[in-house]
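What follows is a short report on a single structure.
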Amino acid sequence: MNVGAEPADLVSRQKHFAWVRRLSAAQRGILIAMLIFTAMFIVYGWKQAAGLTPNMINTAANKGALLALVAMAQTLPVITRGLDLSVGATFVLSNCLASTIVVGGPVATTFGIFGVLLVGLACGAINGVIIVYGRLQPLIATLATSAVYFGVALAIRPQPGGSVNFELADFMTRSSFAIPHSVLLLLAVVVFIWIPYRRSVLGRATFAIGSSEQAAYMSGIPINRAKLLAYALSGLLSAIGGILLTALTYSGAAKMSIANEYTLNSIGAVVIGGTSLFGGVGSAVGSIFGAFVMRTVGDLLIVFDINPVLQPLFVGVVLLVAVSLGSLRVLRIKNRLDIYR
Amino acid sequence: MSVSVVIARQFDRATVIAFACVIVLLLIGAMVEPAFLSPKYLIQQLHTASFLGVVASGVMLVILLGHIDLSIPWTICVGGMMATGATGFLGPEWGITLAVPFGVLCGALIGLVNGLGVAYLRAPAMIFTLGMNAVAQGLMVYHTGGFAPQDRATEFMRELAVGHLIPGIPNPLLIWIILGAAIIFMLNRSVLGRRIYAVGNQERSVFLSGVDTRKVILACFVFSGACAAMTGVLLAGWANRSYQAMGDPYLLPTIAAIVLGGTNVLGGRGKYVGTIAGVILITILQSMLSVVQPQRYFAQLGVDIPADTFRQVVFGVVIIGMLLIYGRQQLVR
């Protein structure tokens, strides 16, 4: 590499992109995910024969919002340098439960929604307790609890079926003034859950834990409570996703393939959204755009007339490429020793 | 060092607890049904266990390194489907002769990609292998979707899965015994084995000692892929055909068997004997659940609960319960 020619080039680049440099790593991640999504969605709308009708946007938003909620749920443990493989199972469990108890009149429905949210919160809290106080690896602990949650979901709904309060389901999935209600739901989750959480003591603590748990401990940060809250909120967000799924399908189904698909895609969305898998850096807002990118990949396959059976392959490849791009830092490391733990 | 000391060293606390659980389970079973202690039943259980044992052997090495292989469900499927469909790639003649090596080779290729990603790109293993799982799934779905492939097992595969080369010992069990003996020797007596433990403990130090640790990681992932594919080949022979998602019920039991056997999930510690104990424990547990059929008692109470619920819940609870007894991490501070 010609080292001498670099400085002048570097200075001009620094001038142009000075504002990018002022952004935090997480904000840069959100920006990149947003740009990828916008580009993909423009291509999608342009290739679509019918153009972008409000109806189509509503459908795309509903599908994307489902994954976005699960991806937000995945973000919180990942920021603490953990992982939650049970988000998919909690999502399916909430779906099955909602198709059973979110029925009847307004009062019963309200209680039903609170019931589902509480169960989701409890699922997450159980993960948290096992990981924090049981001191088990997040990966193994959540793999095991995901089996339990899925088993419970299967007990609630051995066969696909059930129903849901029609007015609620219709309200959650339609759009007003061309704005899909599911997007408003995402906005509400960001404004009422994510931002307060991010600004709270325990929320900021999770970032410190993800960067260095030892340093966080030495600084007197409440590690246990912060981790517990991260996992519990993760369960709550999955449950919100489960309710939205019920509203979309008007039924519940305990399928392992759904749980696995959402868990996998949520990790992909988190990575694309700029959250570091090594913890300490990230944002649930980035994961929303990451989720929409993952969903648009599937839609693009359809408009480009690529065999739909190839979809899992593309999702896998997108995930591998996203993870590998994050690994490009290996090339920049000067001291080879830094590569190794 | 006497032989007894060498053998005693293979049994750590977790291994002893796991073996004790196996014996307790068998005794409880025998009280309900005396046939539980008959040699026929035990050999049959070992036969079933060997499918799990083969795939667990490979994953254990990866876990010893401090990584994990979550791509096994569809690698198993790749092994089975590529072995039965080998005629479509190699022609009718070679496809039958080389069916088994071809299936195992395809699994090893998936392991190779995993290894390259984890060792050379330094991608987090759990994410990279999860992505590879989806890629393998996509390839297999495409393989069955594009054209109707041959899904019947060859005569040799059938013989491999259900035959008896040595009277009284089913072939899969024989394969597991040979594989297990080779791994025990490799882990305890070979340079590679020492390096695997060393990398799991502190990769940096091993690198500074002049070992190319990336090759060690690569080798283990390739081996893991090959073992998973071998299980797929055996399962295809056992069921006489290969089908999609045939490996899906194996992810949780495999990892459960390894961690129940006392292998540290963070790497560096664990004995193969423990994995054997874990595999047998999981197999007996599964067998007990299918014999006892708890769903019947619930059906009598008027509650209809599918059998799969109990399997999932019992699995999850047992894994967490056993790990809480002996798998807890040290407090890092």
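Letters A, B, ... mark the chains of the structure tokens in the order given; residue numbers begin at 1 per chain; ligand numbers begin at 1, in order shown.
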
Residues of chain A within 8 Å of chain B, using only C-alpha atoms, as a CSV table (one decimal) with C-alpha atoms, in the first residue's frame?
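This is the output file selection.csv:
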chain,number,residue,atom,x,y,z
A,134,GLY,CA,-28.2,-19.4,38.1
A,135,ARG,CA,-25.1,-18.1,36.4
A,136,LEU,CA,-25.7,-20.2,33.3
A,137,GLN,CA,-24.6,-19.4,29.8
A,141,ALA,CA,-30.2,-21.4,29.2
A,143,LEU,CA,-32.1,-22.8,24.3
A,144,ALA,CA,-33.5,-24.9,27.2
A,145,THR,CA,-36.2,-22.4,28.2
A,146,SER,CA,-37.2,-22.1,24.5
A,147,ALA,CA,-38.0,-25.8,24.6
A,148,VAL,CA,-40.1,-25.4,27.7
A,149,TYR,CA,-42.0,-22.3,26.3
A,150,PHE,CA,-42.6,-24.1,23.1
A,151,GLY,CA,-43.9,-27.2,25.0
A,152,VAL,CA,-46.3,-24.9,26.9
A,154,LEU,CA,-48.1,-26.8,22.3
A,155,ALA,CA,-50.2,-27.6,25.4
A,156,ILE,CA,-52.3,-24.5,24.9
A,158,PRO,CA,-52.2,-28.7,20.2
A,214,GLN,CA,-15.8,-6.4,35.2
A,217,TYR,CA,-18.9,-4.1,38.4
A,264,LEU,CA,-32.9,-16.6,13.3
A,267,ILE,CA,-30.5,-12.1,15.0
A,277,LEU,CA,-22.7,-9.1,18.9
A,309,VAL,CA,-38.1,-21.9,-2.1
A,310,LEU,CA,-34.8,-20.1,-2.2
A,311,GLN,CA,-35.9,-17.7,0.5
A,312,PRO,CA,-34.2,-19.5,3.5
A,313,LEU,CA,-31.0,-19.7,1.5
A,314,PHE,CA,-31.1,-16.0,0.9
A,315,VAL,CA,-31.9,-15.2,4.5
A,316,GLY,CA,-28.9,-17.4,5.6
A,317,VAL,CA,-26.6,-15.8,3.1
A,319,LEU,CA,-26.9,-13.3,7.8
A,320,LEU,CA,-23.5,-14.8,6.9
A,323,VAL,CA,-21.7,-11.2,10.2
A,324,SER,CA,-18.7,-11.5,8.0
A,326,GLY,CA,-18.6,-7.2,10.9
A,327,SER,CA,-15.5,-9.3,10.9
A,328,LEU,CA,-13.6,-7.1,8.4
A,330,VAL,CA,-9.7,-8.5,11.5
A,337,LEU,CA,-2.3,-10.9,18.9
A,339,ILE,CA,-7.3,-11.1,17.0
A,340,TYR,CA,-7.1,-13.8,19.7
A,341,ARG,CA,-9.0,-13.6,22.9

Near-A:Arg81 list (10 Å; only C-alpha atoms; drop same-chain fewer than 3 positions) as a PyMOL selection string | chain A and resi 75-78+138+206-207+209-213+227+276-281

Based on the selection just made, write N, CA, C and O atoms of those residues as a PDB file, in the first residue's frame.
ATOM      1  N   THR A  75     -32.501  -7.456  20.712  1.00  0.00           N
ATOM      2  CA  THR A  75     -31.463  -6.437  20.867  1.00  0.00           C
ATOM      3  C   THR A  75     -31.016  -6.286  22.320  1.00  0.00           C
ATOM      4  O   THR A  75     -29.822  -6.162  22.596  1.00  0.00           O
ATOM      5  N   LEU A  76     -31.989  -6.282  23.246  1.00  0.00           N
ATOM      6  CA  LEU A  76     -31.655  -5.981  24.638  1.00  0.00           C
ATOM      7  C   LEU A  76     -30.644  -6.970  25.219  1.00  0.00           C
ATOM      8  O   LEU A  76     -29.618  -6.537  25.758  1.00  0.00           O
ATOM      9  N   PRO A  77     -30.866  -8.299  25.112  1.00  0.00           N
ATOM     10  CA  PRO A  77     -29.849  -9.217  25.629  1.00  0.00           C
ATOM     11  C   PRO A  77     -28.523  -9.093  24.878  1.00  0.00           C
ATOM     12  O   PRO A  77     -27.468  -9.228  25.483  1.00  0.00           O
ATOM     13  N   VAL A  78     -28.591  -8.843  23.566  1.00  0.00           N
ATOM     14  CA  VAL A  78     -27.349  -8.772  22.797  1.00  0.00           C
ATOM     15  C   VAL A  78     -26.493  -7.597  23.278  1.00  0.00           C
ATOM     16  O   VAL A  78     -25.275  -7.691  23.340  1.00  0.00           O
ATOM     17  N   PRO A 138     -26.032 -17.710  28.664  1.00  0.00           N
ATOM     18  CA  PRO A 138     -27.301 -17.301  28.037  1.00  0.00           C
ATOM     19  C   PRO A 138     -27.711 -18.235  26.897  1.00  0.00           C
ATOM     20  O   PRO A 138     -28.883 -18.574  26.762  1.00  0.00           O
ATOM     21  N   THR A 206     -26.826  -1.551  31.006  1.00  0.00           N
ATOM     22  CA  THR A 206     -26.642  -2.707  30.121  1.00  0.00           C
ATOM     23  C   THR A 206     -25.537  -2.428  29.105  1.00  0.00           C
ATOM     24  O   THR A 206     -24.803  -3.338  28.722  1.00  0.00           O
ATOM     25  N   PHE A 207     -25.421  -1.161  28.675  1.00  0.00           N
ATOM     26  CA  PHE A 207     -24.359  -0.840  27.724  1.00  0.00           C
ATOM     27  C   PHE A 207     -22.991  -0.990  28.387  1.00  0.00           C
ATOM     28  O   PHE A 207     -22.043  -1.497  27.788  1.00  0.00           O
ATOM     29  N   ILE A 209     -22.327  -2.978  30.890  1.00  0.00           N
ATOM     30  CA  ILE A 209     -22.086  -4.413  31.091  1.00  0.00           C
ATOM     31  C   ILE A 209     -21.581  -5.039  29.801  1.00  0.00           C
ATOM     32  O   ILE A 209     -20.653  -5.845  29.796  1.00  0.00           O
ATOM     33  N   GLY A 210     -22.206  -4.644  28.686  1.00  0.00           N
ATOM     34  CA  GLY A 210     -21.802  -5.224  27.401  1.00  0.00           C
ATOM     35  C   GLY A 210     -20.380  -4.854  27.030  1.00  0.00           C
ATOM     36  O   GLY A 210     -19.657  -5.643  26.423  1.00  0.00           O
ATOM     37  N   SER A 211     -19.952  -3.642  27.399  1.00  0.00           N
ATOM     38  CA  SER A 211     -18.591  -3.232  27.058  1.00  0.00           C
ATOM     39  C   SER A 211     -17.583  -3.982  27.915  1.00  0.00           C
ATOM     40  O   SER A 211     -16.590  -4.500  27.417  1.00  0.00           O
ATOM     41  N   SER A 212     -17.822  -4.000  29.203  1.00  0.00           N
ATOM     42  CA  SER A 212     -16.923  -4.736  30.085  1.00  0.00           C
ATOM     43  C   SER A 212     -17.629  -4.967  31.400  1.00  0.00           C
ATOM     44  O   SER A 212     -17.866  -4.035  32.165  1.00  0.00           O
ATOM     45  N   GLU A 213     -17.977  -6.228  31.626  1.00  0.00           N
ATOM     46  CA  GLU A 213     -18.744  -6.525  32.828  1.00  0.00           C
ATOM     47  C   GLU A 213     -17.923  -6.249  34.083  1.00  0.00           C
ATOM     48  O   GLU A 213     -18.431  -5.741  35.075  1.00  0.00           O
ATOM     49  N   LYS A 227     -29.306  -6.723  34.022  1.00  0.00           N
ATOM     50  CA  LYS A 227     -29.432  -7.885  33.125  1.00  0.00           C
ATOM     51  C   LYS A 227     -30.835  -8.469  33.213  1.00  0.00           C
ATOM     52  O   LYS A 227     -31.452  -8.814  32.201  1.00  0.00           O
ATOM     53  N   SER A 276     -23.726  -4.504  17.984  1.00  0.00           N
ATOM     54  CA  SER A 276     -22.562  -5.385  17.998  1.00  0.00           C
ATOM     55  C   SER A 276     -22.877  -6.657  18.764  1.00  0.00           C
ATOM     56  O   SER A 276     -23.435  -6.609  19.860  1.00  0.00           O
ATOM     57  N   LEU A 277     -22.517  -7.804  18.162  1.00  0.00           N
ATOM     58  CA  LEU A 277     -22.746  -9.071  18.850  1.00  0.00           C
ATOM     59  C   LEU A 277     -21.792  -9.234  20.021  1.00  0.00           C
ATOM     60  O   LEU A 277     -21.935 -10.133  20.835  1.00  0.00           O
ATOM     61  N   PHE A 278     -20.770  -8.365  20.089  1.00  0.00           N
ATOM     62  CA  PHE A 278     -19.833  -8.434  21.206  1.00  0.00           C
ATOM     63  C   PHE A 278     -20.283  -7.528  22.354  1.00  0.00           C
ATOM     64  O   PHE A 278     -19.554  -7.335  23.304  1.00  0.00           O
ATOM     65  N   GLY A 279     -21.501  -6.978  22.226  1.00  0.00           N
ATOM     66  CA  GLY A 279     -22.093  -6.231  23.321  1.00  0.00           C
ATOM     67  C   GLY A 279     -21.654  -4.788  23.402  1.00  0.00           C
ATOM     68  O   GLY A 279     -20.680  -4.368  22.786  1.00  0.00           O
ATOM     69  N   GLY A 280     -22.435  -3.999  24.151  1.00  0.00           N
ATOM     70  CA  GLY A 280     -22.034  -2.632  24.458  1.00  0.00           C
ATOM     71  C   GLY A 280     -22.413  -1.586  23.443  1.00  0.00           C
ATOM     72  O   GLY A 280     -22.394  -0.408  23.747  1.00  0.00           O
ATOM     73  N   VAL A 281     -22.732  -1.984  22.225  1.00  0.00           N
ATOM     74  CA  VAL A 281     -23.092  -1.018  21.185  1.00  0.00           C
ATOM     75  C   VAL A 281     -24.376  -1.485  20.531  1.00  0.00           C
ATOM     76  O   VAL A 281     -24.490  -2.670  20.192  1.00  0.00           O
TER      77      VAL A 281
END

Helix (DSSP H, G or I) call set, DSSP backbone run, stretch 43-161 of chain B, as JSON, numbers by chain | {"B": [43, 44, 45, 46, 47, 48, 49, 50, 51, 52, 53, 54, 55, 56, 57, 58, 59, 60, 61, 62, 63, 64, 72, 73, 74, 75, 76, 77, 78, 79, 80, 81, 82, 83, 84, 86, 87, 88, 89, 90, 91, 92, 93, 94, 95, 96, 97, 99, 100, 101, 102, 103, 104, 105, 106, 107, 108, 109, 110, 111, 112, 113, 114, 115, 116, 117, 118, 119, 120, 125, 126, 127, 128, 129, 130, 131, 132, 133, 134, 135, 136, 137, 138, 139, 140, 141, 142, 143, 144, 145, 146, 155, 156, 157, 158, 159, 160, 161]}

Shell of 8 Å around stretch 218-222 of chain A, only C-alpha atoms, local chain residues under 3 positions omitted, as an MDAnalysis selection string = chainID A and resid 202 205 214:215 225:226

All residues 12 Å or closer to B:Ala30, only C-alpha atoms, same chain fewer than 6 positions away omitted, as a PyMOL selection string = chain B and resi 23-24+36-38+41-42+288+291-292

Pick out the closest residue to A:Ile131 from this set: A:Ile223, A:Ile113, A:Ala291, A:Val270. Count only C-alpha atoms.
->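 Looking at the shortest contact to A:Ile131, the residue is A:Ile223.
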
Excluding B:Gly270 and any residue of its chain fewer than 3 positions from it, enumerate the residues within 10 Å of it, using only C-alpha atoms, and give them as a list of chain:residue names.
->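 Once the nearby chain positions are removed, what remains is B:Gln10, B:Phe11, B:Asp12, B:Ala14, B:Thr15, B:Met60, B:Leu61, B:Ile63, B:Leu64, B:Tyr197, B:Ile258, B:Val259, B:Gly261, B:Gly262, B:Thr263, B:Asn264, B:Val265, B:Gly267, B:Val273, B:Gly274, B:Thr275.
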
In Å to one decimal, how far is atom CA of A:Leu85 from atom CA of A:Val129?
->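 Taking atom CA of A:Val129 and atom CA of A:Leu85, their separation equals 15.4 Å.
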
Name all residues at most 12 Å from A:Met56 (count only C-alpha atoms; drop same-chain ones fewer than 2 positions away) and give them as a list of chain:residue names.
-> A:Phe41, A:Tyr44, A:Gly45, A:Gln48, A:Ala49, A:Ala50, A:Gly51, A:Leu52, A:Thr53, A:Pro54, A:Asn58, A:Thr59, A:Ala60, A:Ala61, A:Asn62, A:Lys63, A:Arg174, A:Ser175, A:Ala178, A:Ile179, A:Pro180, A:Asp299

A straight line from atom CA of B:Ala198 to atom CA of B:Leu65 spans 8.1 Å

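Atom CA of B:Ile169 lies 21.0 Å from atom CA of B:Tyr272.
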
Determine, counting only C-alpha atoms, which protein, DNA and RNA residues have an atom within 9 Å of an atom of stretch 187-197 of chain A; residues of the same chain fewer than 6 positions away are not included. Present the result as a PDB file with all heavy atoms, in the first residue's frame.
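Final file, selection_15.pdb:
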ATOM      1  N   LEU A  69     -40.564  -6.330  16.109  1.00  0.00           N
ATOM      2  CA  LEU A  69     -40.786  -6.466  17.550  1.00  0.00           C
ATOM      3  C   LEU A  69     -39.891  -7.561  18.129  1.00  0.00           C
ATOM      4  O   LEU A  69     -39.281  -7.390  19.185  1.00  0.00           O
ATOM      5  CB  LEU A  69     -42.265  -6.773  17.817  1.00  0.00           C
ATOM      6  CG  LEU A  69     -43.188  -5.570  17.660  1.00  0.00           C
ATOM      7  CD1 LEU A  69     -44.634  -6.013  17.603  1.00  0.00           C
ATOM      8  CD2 LEU A  69     -42.973  -4.588  18.796  1.00  0.00           C
ATOM      9  N   MET A  72     -36.342  -6.302  18.194  1.00  0.00           N
ATOM     10  CA  MET A  72     -36.103  -5.401  19.329  1.00  0.00           C
ATOM     11  C   MET A  72     -35.918  -6.218  20.589  1.00  0.00           C
ATOM     12  O   MET A  72     -35.068  -5.901  21.436  1.00  0.00           O
ATOM     13  CB  MET A  72     -37.281  -4.447  19.498  1.00  0.00           C
ATOM     14  CG  MET A  72     -37.368  -3.370  18.451  1.00  0.00           C
ATOM     15  SD  MET A  72     -38.974  -2.589  18.522  1.00  0.00           S
ATOM     16  CE  MET A  72     -38.590  -1.162  19.466  1.00  0.00           C
ATOM     17  N   GLY A 203     -30.973   0.885  32.069  1.00  0.00           N
ATOM     18  CA  GLY A 203     -30.777   0.775  30.629  1.00  0.00           C
ATOM     19  C   GLY A 203     -29.357   1.131  30.236  1.00  0.00           C
ATOM     20  O   GLY A 203     -28.709   0.418  29.471  1.00  0.00           O
ATOM     21  N   ARG A 204     -28.854   2.247  30.799  1.00  0.00           N
ATOM     22  CA  ARG A 204     -27.477   2.620  30.483  1.00  0.00           C
ATOM     23  C   ARG A 204     -26.512   1.583  31.035  1.00  0.00           C
ATOM     24  O   ARG A 204     -25.465   1.326  30.463  1.00  0.00           O
ATOM     25  CB  ARG A 204     -27.177   3.999  31.043  1.00  0.00           C
ATOM     26  CG  ARG A 204     -27.383   5.100  30.015  1.00  0.00           C
ATOM     27  CD  ARG A 204     -27.063   6.436  30.565  1.00  0.00           C
ATOM     28  NE  ARG A 204     -28.052   6.834  31.564  1.00  0.00           N
ATOM     29  CZ  ARG A 204     -27.737   7.339  32.749  1.00  0.00           C
ATOM     30  NH1 ARG A 204     -26.486   7.495  33.086  1.00  0.00           N
ATOM     31  NH2 ARG A 204     -28.686   7.688  33.588  1.00  0.00           N
ATOM     32  N   LEU A 233     -37.677  -7.460  29.721  1.00  0.00           N
ATOM     33  CA  LEU A 233     -38.246  -6.604  28.676  1.00  0.00           C
ATOM     34  C   LEU A 233     -38.227  -7.311  27.334  1.00  0.00           C
ATOM     35  O   LEU A 233     -39.129  -7.147  26.512  1.00  0.00           O
ATOM     36  CB  LEU A 233     -37.456  -5.301  28.577  1.00  0.00           C
ATOM     37  CG  LEU A 233     -37.897  -4.154  29.479  1.00  0.00           C
ATOM     38  CD1 LEU A 233     -37.095  -2.914  29.139  1.00  0.00           C
ATOM     39  CD2 LEU A 233     -39.372  -3.887  29.297  1.00  0.00           C
ATOM     40  N   LEU A 237     -41.420  -7.650  24.853  1.00  0.00           N
ATOM     41  CA  LEU A 237     -41.486  -7.232  23.451  1.00  0.00           C
ATOM     42  C   LEU A 237     -41.881  -8.397  22.549  1.00  0.00           C
ATOM     43  O   LEU A 237     -42.656  -8.233  21.607  1.00  0.00           O
ATOM     44  CB  LEU A 237     -40.129  -6.659  23.022  1.00  0.00           C
ATOM     45  CG  LEU A 237     -39.770  -5.316  23.667  1.00  0.00           C
ATOM     46  CD1 LEU A 237     -38.359  -4.910  23.312  1.00  0.00           C
ATOM     47  CD2 LEU A 237     -40.746  -4.248  23.226  1.00  0.00           C
ATOM     48  N   SER A 283     -28.790  -0.409  19.163  1.00  0.00           N
ATOM     49  CA  SER A 283     -30.029   0.320  19.360  1.00  0.00           C
ATOM     50  C   SER A 283     -31.184  -0.504  18.822  1.00  0.00           C
ATOM     51  O   SER A 283     -31.069  -1.164  17.785  1.00  0.00           O
ATOM     52  CB  SER A 283     -29.964   1.648  18.614  1.00  0.00           C
ATOM     53  OG  SER A 283     -31.254   2.138  18.422  1.00  0.00           O
ATOM     54  N   ALA A 284     -32.288  -0.457  19.556  1.00  0.00           N
ATOM     55  CA  ALA A 284     -33.472  -1.185  19.100  1.00  0.00           C
ATOM     56  C   ALA A 284     -34.036  -0.545  17.836  1.00  0.00           C
ATOM     57  O   ALA A 284     -34.680  -1.217  17.033  1.00  0.00           O
ATOM     58  CB  ALA A 284     -34.526  -1.198  20.205  1.00  0.00           C
ATOM     59  N   VAL A 285     -33.792   0.769  17.652  1.00  0.00           N
ATOM     60  CA  VAL A 285     -34.296   1.436  16.451  1.00  0.00           C
ATOM     61  C   VAL A 285     -33.606   0.859  15.218  1.00  0.00           C
ATOM     62  O   VAL A 285     -34.234   0.612  14.188  1.00  0.00           O
ATOM     63  CB  VAL A 285     -34.062   2.958  16.555  1.00  0.00           C
ATOM     64  CG1 VAL A 285     -34.590   3.653  15.330  1.00  0.00           C
ATOM     65  CG2 VAL A 285     -34.721   3.507  17.805  1.00  0.00           C
TER      66      VAL A 285
END

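For stretch 72-318 of chain A, backbone-based DSSP labels the following residues as strand (DSSP E): Ser175, Ser176, Ile179 and Pro180 of chain A.
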
Quick one: write out the picked residues with N, CA and C atoms as a short mmCIF file (atom, residue, chain, number, x, y, z; two decimals), in the first residue's frame?
data_model
loop_
_atom_site.label_atom_id
_atom_site.label_comp_id
_atom_site.auth_asym_id
_atom_site.auth_seq_id
_atom_site.Cartn_x
_atom_site.Cartn_y
_atom_site.Cartn_z
N SER A 175 -54.69 0.64 8.27
CA SER A 175 -53.97 1.90 8.34
C SER A 175 -54.93 3.08 8.29
N SER A 176 -54.54 4.18 8.92
CA SER A 176 -55.31 5.43 8.86
C SER A 176 -54.48 6.46 8.14
N ILE A 179 -51.11 5.64 6.99
CA ILE A 179 -50.06 5.22 7.94
C ILE A 179 -50.51 3.92 8.59
N PRO A 180 -49.80 2.84 8.37
CA PRO A 180 -50.19 1.55 8.95
C PRO A 180 -50.15 1.63 10.48
#
